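Below: one structure, written as structure tokens.
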Amino acid sequence: MEKAPINLMNYDAQGLAGYFRELGETSFRATQIVKWIHQHGITNFGEMTNLSKKLREQLRQETEIRVPSIGAEQISEDGTRKWLVNIDPINSVETVYIPEGSRGTLCVSSQVGCPLNCQFCATATQGFNRNLSVSEIIGQVWLASKKLYESSNTKRSITNVVMMGMGEPLLNFNNTVMAMKLMMDNNAYNLGKKRITLSTAGIVPGIDKLAEACPVSLAISLHATNNYLRDKLVPLNKKYPIERLLETCKNYSRATNDNYITFEYVMLKDVNDSVKEASVLIKLLDGIPAKVNLIPFNPYKNSSFERSEERAINDFRDKLYKAGIITITRKTRGSDIDAACGQLVGQVEKRRKNIQNTH
Ligand code: SAH
């Protein structure tokens, strides 16, 4: 049987170095390939002129550089761009680019659907199909860079990445970490580790592992101040309750030179938005270098929550602010094209519906 070609998009520099050593080449070839693919956007071996003809021929025979393709593009009136990224004949995920001042933040997906079933999230309604491969995660950055480069009237680039698209990145740990290593590689996208933020619903062992493997900025989807409510909103809480999660956050911050941790808190009308809850949150975050991002709830089809009143959001914010906690209300971006937090759906072949025991 013929061997399937190796997709070079699935490896970071270290992984590629291993491959080239096996071929009897120096590991410098890995640097060259990383540059061609990720810095220059080249996927055709013929154009890789600093590699010998013989090596290019060998690569053509044994390997491929396969990236996902863009199925559709939508541009919001506020400049936010959303791409539907086809990853196989049936499934697609969504990637969102959010321009703001000199910043350009790319929101990247890590799974097809999501198994966590958070009650206020559109992605959860689709169930879970599979983890994305490294090439499918870094491919979103590759495609977005290319798209931004091609629209020459906008001179926009990616300055920050947030792993906040579809899926739970810490349930796809190895692929997410390898993709983030490529984002950080100065021969690829050259993003500092503080410019990459990984958001998690609270996979405690994954957070501990991340501190060792790839200590990027961490965001926690907290959303409630007591276990009773959080068990309902974020069912993962039954496995990793608030106290344990916060202890883990404290350790993460310590392990990363007291870096701030961002706590995301979706504002749901009359569910979790009282000033009393803000007071409890202040106590919970005591001793953790914490910032809070309040996210006004973004509705989607058949969602059963409402967005908090603006006054409730401001009161909640002011309470935290007065206690010395840096608090911002996340601006709703791209909601006219369903690109805002919690609205991403892509297309997911339903294979498993919201199974809780996948982690
Ligand atoms: N699974 C990870 C990554 C998703 S990040 C996590 O849970 O952190 C997406 C962020 O948007 C999370 O904070 C999520 O809780 C929040 N979110 C989900 N649905 C939302 C909605 N309808 N409105 C506003 N924010 C939402």
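In the structure tokens, chains take letters A, B, ... by order of appearance, with residues numbered from 1 within each chain and ligands from 1 in the order shown.
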Residues within 7 Å of ligand 1, counting only C-alpha atoms and all ligand atoms, as JSON, numbers by chain:
{"A": [120, 121, 122, 163, 164, 165, 166, 167, 168, 169, 199, 200, 201, 219, 220, 221, 264, 265, 266, 295, 296, 297, 298, 299, 300, 341, 342, 343]}
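If you count only C-alpha atoms and ignore residues fewer than 5 places along the chain from stretch 45-56 of chain A, what sits within 9 Å of it is Arg29, Gln32, Ile33, Trp36, Gln61, Glu64 and Ile65 of chain A.
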With only C-alpha atoms as the counted atoms, please give the residues lying no more than 8 Å from stretch 223-229 of chain A, apart from itself and same-chain residues fewer than 6 positions off, as a ChimeraX atom specification.
/A:237-238,241-242,264-267,272,277,280-281,284
With DSSP run on the backbone, what are the strand (DSSP E) residues within stretch 1-84 of chain A? I'd like them as a JSON list (two decimals) with N, CA, C and O atoms, in the first residue's frame.
[["chain", "number", "residue", "atom", "x", "y", "z"],
["A", 6, "ILE", "N", 3.10, 12.91, 4.14],
["A", 6, "ILE", "CA", 3.14, 13.61, 5.42],
["A", 6, "ILE", "C", 2.77, 15.07, 5.17],
["A", 6, "ILE", "O", 3.36, 15.71, 4.29],
["A", 7, "ASN", "N", 1.81, 15.59, 5.93],
["A", 7, "ASN", "CA", 1.44, 17.00, 5.76],
["A", 7, "ASN", "C", 2.37, 17.87, 6.62],
["A", 7, "ASN", "O", 2.30, 17.86, 7.85],
["A", 63, "THR", "N", 5.85, 14.15, 0.81],
["A", 63, "THR", "CA", 5.09, 15.05, 1.68],
["A", 63, "THR", "C", 4.11, 15.91, 0.90],
["A", 63, "THR", "O", 4.08, 15.88, -0.33],
["A", 64, "GLU", "N", 3.34, 16.65, 1.65],
["A", 64, "GLU", "CA", 2.46, 17.64, 1.03],
["A", 64, "GLU", "C", 2.33, 18.81, 2.01],
["A", 64, "GLU", "O", 2.72, 18.70, 3.18],
["A", 69, "SER", "N", -9.49, 25.18, 3.34],
["A", 69, "SER", "CA", -9.88, 26.21, 2.37],
["A", 69, "SER", "C", -11.00, 27.07, 2.94],
["A", 69, "SER", "O", -11.72, 26.65, 3.84],
["A", 70, "ILE", "N", -11.14, 28.26, 2.37],
["A", 70, "ILE", "CA", -12.18, 29.15, 2.87],
["A", 70, "ILE", "C", -13.48, 28.87, 2.11],
["A", 70, "ILE", "O", -13.51, 28.86, 0.88],
["A", 71, "GLY", "N", -14.53, 28.60, 2.87],
["A", 71, "GLY", "CA", -15.82, 28.30, 2.25],
["A", 71, "GLY", "C", -16.61, 29.57, 2.02],
["A", 71, "GLY", "O", -17.30, 29.71, 1.00],
["A", 72, "ALA", "N", -16.52, 30.51, 2.92],
["A", 72, "ALA", "CA", -17.28, 31.76, 2.78],
["A", 72, "ALA", "C", -16.64, 32.83, 3.63],
["A", 72, "ALA", "O", -15.95, 32.53, 4.61],
["A", 73, "GLU", "N", -16.85, 34.06, 3.22],
["A", 73, "GLU", "CA", -16.32, 35.19, 3.99],
["A", 73, "GLU", "C", -17.45, 36.17, 4.22],
["A", 73, "GLU", "O", -18.23, 36.45, 3.32],
["A", 74, "GLN", "N", -17.53, 36.69, 5.45],
["A", 74, "GLN", "CA", -18.51, 37.75, 5.73],
["A", 74, "GLN", "C", -17.78, 38.90, 6.39],
["A", 74, "GLN", "O", -16.90, 38.68, 7.23],
["A", 75, "ILE", "N", -18.15, 40.10, 6.00],
["A", 75, "ILE", "CA", -17.51, 41.28, 6.61],
["A", 75, "ILE", "C", -18.57, 42.11, 7.30],
["A", 75, "ILE", "O", -19.58, 42.47, 6.71],
["A", 81, "ARG", "N", -14.18, 40.43, 10.39],
["A", 81, "ARG", "CA", -14.33, 39.50, 9.26],
["A", 81, "ARG", "C", -14.47, 38.08, 9.80],
["A", 81, "ARG", "O", -13.76, 37.69, 10.71],
["A", 82, "LYS", "N", -15.39, 37.36, 9.21],
["A", 82, "LYS", "CA", -15.58, 35.98, 9.64],
["A", 82, "LYS", "C", -15.40, 35.06, 8.44],
["A", 82, "LYS", "O", -15.96, 35.31, 7.38],
["A", 83, "TRP", "N", -14.60, 34.03, 8.63],
["A", 83, "TRP", "CA", -14.40, 33.04, 7.57],
["A", 83, "TRP", "C", -14.95, 31.69, 8.00],
["A", 83, "TRP", "O", -14.72, 31.25, 9.14],
["A", 84, "LEU", "N", -15.65, 31.08, 7.08],
["A", 84, "LEU", "CA", -16.04, 29.69, 7.27],
["A", 84, "LEU", "C", -14.89, 28.88, 6.67],
["A", 84, "LEU", "O", -14.58, 29.04, 5.49]]
Please list as a PDB file with N, CA and C atoms, in the first residue's frame every residue within 10 Å of A:Val162, counting only C-alpha atoms and excluding residues in the same chain fewer than 3 positions away.
ATOM      1  N   VAL A  96     -12.477  34.290  13.224  1.00  0.00           N
ATOM      2  CA  VAL A  96     -12.925  35.685  13.191  1.00  0.00           C
ATOM      3  C   VAL A  96     -11.733  36.621  13.373  1.00  0.00           C
ATOM      4  N   THR A 105      -6.901  41.176  16.108  1.00  0.00           N
ATOM      5  CA  THR A 105      -6.991  39.946  16.889  1.00  0.00           C
ATOM      6  C   THR A 105      -7.680  38.860  16.086  1.00  0.00           C
ATOM      7  N   LEU A 106      -7.040  37.709  16.018  1.00  0.00           N
ATOM      8  CA  LEU A 106      -7.650  36.576  15.321  1.00  0.00           C
ATOM      9  C   LEU A 106      -8.184  35.585  16.348  1.00  0.00           C
ATOM     10  N   CYS A 107      -9.458  35.256  16.205  1.00  0.00           N
ATOM     11  CA  CYS A 107     -10.104  34.303  17.123  1.00  0.00           C
ATOM     12  C   CYS A 107     -10.139  32.944  16.424  1.00  0.00           C
ATOM     13  N   VAL A 108      -9.436  31.976  16.996  1.00  0.00           N
ATOM     14  CA  VAL A 108      -9.163  30.705  16.327  1.00  0.00           C
ATOM     15  C   VAL A 108      -9.925  29.555  16.993  1.00  0.00           C
ATOM     16  N   SER A 109     -10.446  28.643  16.185  1.00  0.00           N
ATOM     17  CA  SER A 109     -11.167  27.470  16.702  1.00  0.00           C
ATOM     18  C   SER A 109     -10.207  26.303  16.940  1.00  0.00           C
ATOM     19  N   GLY A 165     -12.318  30.518  19.724  1.00  0.00           N
ATOM     20  CA  GLY A 165     -13.321  30.179  18.722  1.00  0.00           C
ATOM     21  C   GLY A 165     -14.095  28.948  19.161  1.00  0.00           C
ATOM     22  N   ARG A 195       0.891  37.721  23.638  1.00  0.00           N
ATOM     23  CA  ARG A 195      -0.062  38.094  22.587  1.00  0.00           C
ATOM     24  C   ARG A 195      -0.958  36.934  22.171  1.00  0.00           C
ATOM     25  N   ILE A 196      -0.758  35.813  22.843  1.00  0.00           N
ATOM     26  CA  ILE A 196      -1.632  34.671  22.578  1.00  0.00           C
ATOM     27  C   ILE A 196      -2.404  34.379  23.860  1.00  0.00           C
ATOM     28  N   THR A 197      -3.707  34.316  23.751  1.00  0.00           N
ATOM     29  CA  THR A 197      -4.523  34.026  24.933  1.00  0.00           C
ATOM     30  C   THR A 197      -5.314  32.752  24.686  1.00  0.00           C
ATOM     31  N   LEU A 198      -5.195  31.826  25.632  1.00  0.00           N
ATOM     32  CA  LEU A 198      -5.981  30.603  25.540  1.00  0.00           C
ATOM     33  C   LEU A 198      -7.123  30.713  26.546  1.00  0.00           C
ATOM     34  N   SER A 199      -8.330  30.508  26.072  1.00  0.00           N
ATOM     35  CA  SER A 199      -9.493  30.571  26.954  1.00  0.00           C
ATOM     36  C   SER A 199     -10.005  29.163  27.220  1.00  0.00           C
ATOM     37  N   SER A 217      -0.893  33.601  27.738  1.00  0.00           N
ATOM     38  CA  SER A 217      -1.879  34.253  28.602  1.00  0.00           C
ATOM     39  C   SER A 217      -3.108  33.355  28.750  1.00  0.00           C
ATOM     40  N   LEU A 218      -3.648  33.369  29.949  1.00  0.00           N
ATOM     41  CA  LEU A 218      -4.761  32.461  30.236  1.00  0.00           C
ATOM     42  C   LEU A 218      -6.038  33.243  30.507  1.00  0.00           C
ATOM     43  N   ALA A 219      -7.139  32.767  29.929  1.00  0.00           N
ATOM     44  CA  ALA A 219      -8.455  33.332  30.235  1.00  0.00           C
ATOM     45  C   ALA A 219      -9.352  32.195  30.714  1.00  0.00           C
TER      46      ALA A 219
END
To test your reading of the structure, identify every residue in stretch 226-304 of chain A that backbone DSSP assigns to helix (DSSP H, G or I), and report it as a PyMOL selection string.
chain A and resi 227-233+235-238+242-255+275-284
Writer output for current selection, C-alpha atoms, as an mmCIF file, in the first residue's frame:
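The file below, result_37.cif, is the result:
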data_model
loop_
_atom_site.group_PDB
_atom_site.id
_atom_site.type_symbol
_atom_site.label_atom_id
_atom_site.label_comp_id
_atom_site.auth_asym_id
_atom_site.auth_seq_id
_atom_site.Cartn_x
_atom_site.Cartn_y
_atom_site.Cartn_z
ATOM 1 C CA ASN A 227 -21.033 26.104 42.293
ATOM 2 C CA TYR A 228 -24.794 25.671 42.250
ATOM 3 C CA LEU A 229 -25.203 28.133 39.386
ATOM 4 C CA ARG A 230 -21.937 27.257 37.636
ATOM 5 C CA ASP A 231 -22.862 23.553 37.624
ATOM 6 C CA LYS A 232 -25.863 24.565 35.539
ATOM 7 C CA LEU A 233 -24.253 27.113 33.224
ATOM 8 C CA PRO A 235 -21.563 21.611 33.399
ATOM 9 C CA LEU A 236 -17.790 20.991 33.460
ATOM 10 C CA ASN A 237 -17.925 22.652 36.891
ATOM 11 C CA LYS A 238 -19.250 19.399 38.381
ATOM 12 C CA ILE A 242 -14.800 26.849 41.422
ATOM 13 C CA GLU A 243 -12.434 26.534 44.433
ATOM 14 C CA ARG A 244 -10.245 23.981 42.689
ATOM 15 C CA LEU A 245 -10.225 25.987 39.483
ATOM 16 C CA LEU A 246 -9.186 29.183 41.247
ATOM 17 C CA GLU A 247 -6.415 27.408 43.154
ATOM 18 C CA THR A 248 -5.104 26.152 39.817
ATOM 19 C CA CYS A 249 -5.262 29.688 38.422
ATOM 20 C CA LYS A 250 -3.233 30.961 41.354
ATOM 21 C CA ASN A 251 -0.561 28.376 40.579
ATOM 22 C CA TYR A 252 -0.608 29.237 36.878
ATOM 23 C CA SER A 253 -0.067 32.881 37.635
ATOM 24 C CA ARG A 254 2.789 32.046 40.006
ATOM 25 C CA ALA A 255 4.393 29.774 37.424
ATOM 26 C CA VAL A 275 -24.083 43.622 42.471
ATOM 27 C CA LYS A 276 -24.176 41.041 45.264
ATOM 28 C CA GLU A 277 -22.555 38.562 42.908
ATOM 29 C CA ALA A 278 -19.943 41.157 42.021
ATOM 30 C CA SER A 279 -19.059 41.308 45.746
ATOM 31 C CA VAL A 280 -18.698 37.540 45.916
ATOM 32 C CA LEU A 281 -16.512 37.638 42.811
ATOM 33 C CA ILE A 282 -14.219 40.173 44.482
ATOM 34 C CA LYS A 283 -13.713 37.776 47.389
ATOM 35 C CA LEU A 284 -13.163 34.800 45.118
#
For A:Asn302, which of A:Lys331, A:Ile325, A:Asn257, A:Gln119 is the closest residue, counting only C-alpha atoms?
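Ranked by minimum distance to A:Asn302, first place goes to A:Gln119.
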Which neighbours of stretch 10-13 of chain A fall inside 10 Å, counting only C-alpha atoms, when residues of the same chain fewer than 5 positions from it are skipped, and could you give them as a ChimeraX atom specification?
/A:18-19,27-35,65-67,133-139,175,177-183,185,187-188
To one decimal place, how far is atom CA of A:Arg130 from atom CA of A:Ile261 in Å?
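If I compute the distance from atom CA of A:Arg130 to atom CA of A:Ile261, I get 28.2 Å.
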Quick one, how far is atom CA of A:Asp258 from atom CA of A:Cys214?
15.4 Å
Please identify all polymer residues within 7 Å of A:Val292, counting only C-alpha atoms, omitting same-chain residues fewer than 4 positions from it, and present them as a short mmCIF file (atom, residue, chain, number, x, y, z; two decimals) with all heavy atoms, in the first residue's frame.
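Okay, result.cif is ready:
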data_model
loop_
_atom_site.label_atom_id
_atom_site.label_comp_id
_atom_site.auth_asym_id
_atom_site.auth_seq_id
_atom_site.Cartn_x
_atom_site.Cartn_y
_atom_site.Cartn_z
N THR A 262 -7.16 36.46 32.98
CA THR A 262 -8.42 37.13 32.64
C THR A 262 -9.58 36.21 33.00
O THR A 262 -9.56 35.03 32.65
CB THR A 262 -8.46 37.43 31.13
OG1 THR A 262 -7.34 38.26 30.81
CG2 THR A 262 -9.74 38.16 30.75
N PHE A 263 -10.54 36.74 33.72
CA PHE A 263 -11.74 35.96 34.02
C PHE A 263 -12.88 36.51 33.18
O PHE A 263 -13.22 37.69 33.24
CB PHE A 263 -12.07 36.02 35.52
CG PHE A 263 -11.06 35.25 36.33
CD1 PHE A 263 -9.89 35.87 36.77
CD2 PHE A 263 -11.23 33.90 36.58
CE1 PHE A 263 -8.92 35.15 37.47
CE2 PHE A 263 -10.28 33.17 37.27
CZ PHE A 263 -9.12 33.80 37.72
N GLU A 264 -13.44 35.62 32.34
CA GLU A 264 -14.56 36.03 31.48
C GLU A 264 -15.85 35.75 32.23
O GLU A 264 -16.01 34.72 32.89
CB GLU A 264 -14.51 35.23 30.17
CG GLU A 264 -13.27 35.52 29.36
CD GLU A 264 -12.97 34.43 28.36
OE1 GLU A 264 -12.57 33.31 28.79
OE2 GLU A 264 -13.14 34.66 27.15
N ILE A 326 -9.10 45.36 37.60
CA ILE A 326 -9.22 45.90 36.24
C ILE A 326 -10.37 45.18 35.56
O ILE A 326 -10.34 43.95 35.41
CB ILE A 326 -7.93 45.65 35.43
CG1 ILE A 326 -6.72 46.21 36.18
CG2 ILE A 326 -8.02 46.24 34.03
CD1 ILE A 326 -5.41 45.65 35.67
N THR A 327 -11.37 45.94 35.18
CA THR A 327 -12.56 45.31 34.61
C THR A 327 -12.95 46.02 33.32
O THR A 327 -13.07 47.24 33.30
CB THR A 327 -13.75 45.45 35.59
OG1 THR A 327 -13.32 44.96 36.87
CG2 THR A 327 -14.96 44.66 35.13
N ILE A 328 -13.11 45.26 32.26
CA ILE A 328 -13.63 45.89 31.05
C ILE A 328 -14.85 45.13 30.54
O ILE A 328 -14.99 43.92 30.76
CB ILE A 328 -12.59 46.03 29.92
CG1 ILE A 328 -12.02 44.66 29.56
CG2 ILE A 328 -11.47 46.98 30.26
CD1 ILE A 328 -11.38 44.68 28.19
#
From the list A:Asn44, A:Gln39, A:Gln140, A:Gln111, the nearest residue to A:Gln126 using only C-alpha atoms is A:Gln111
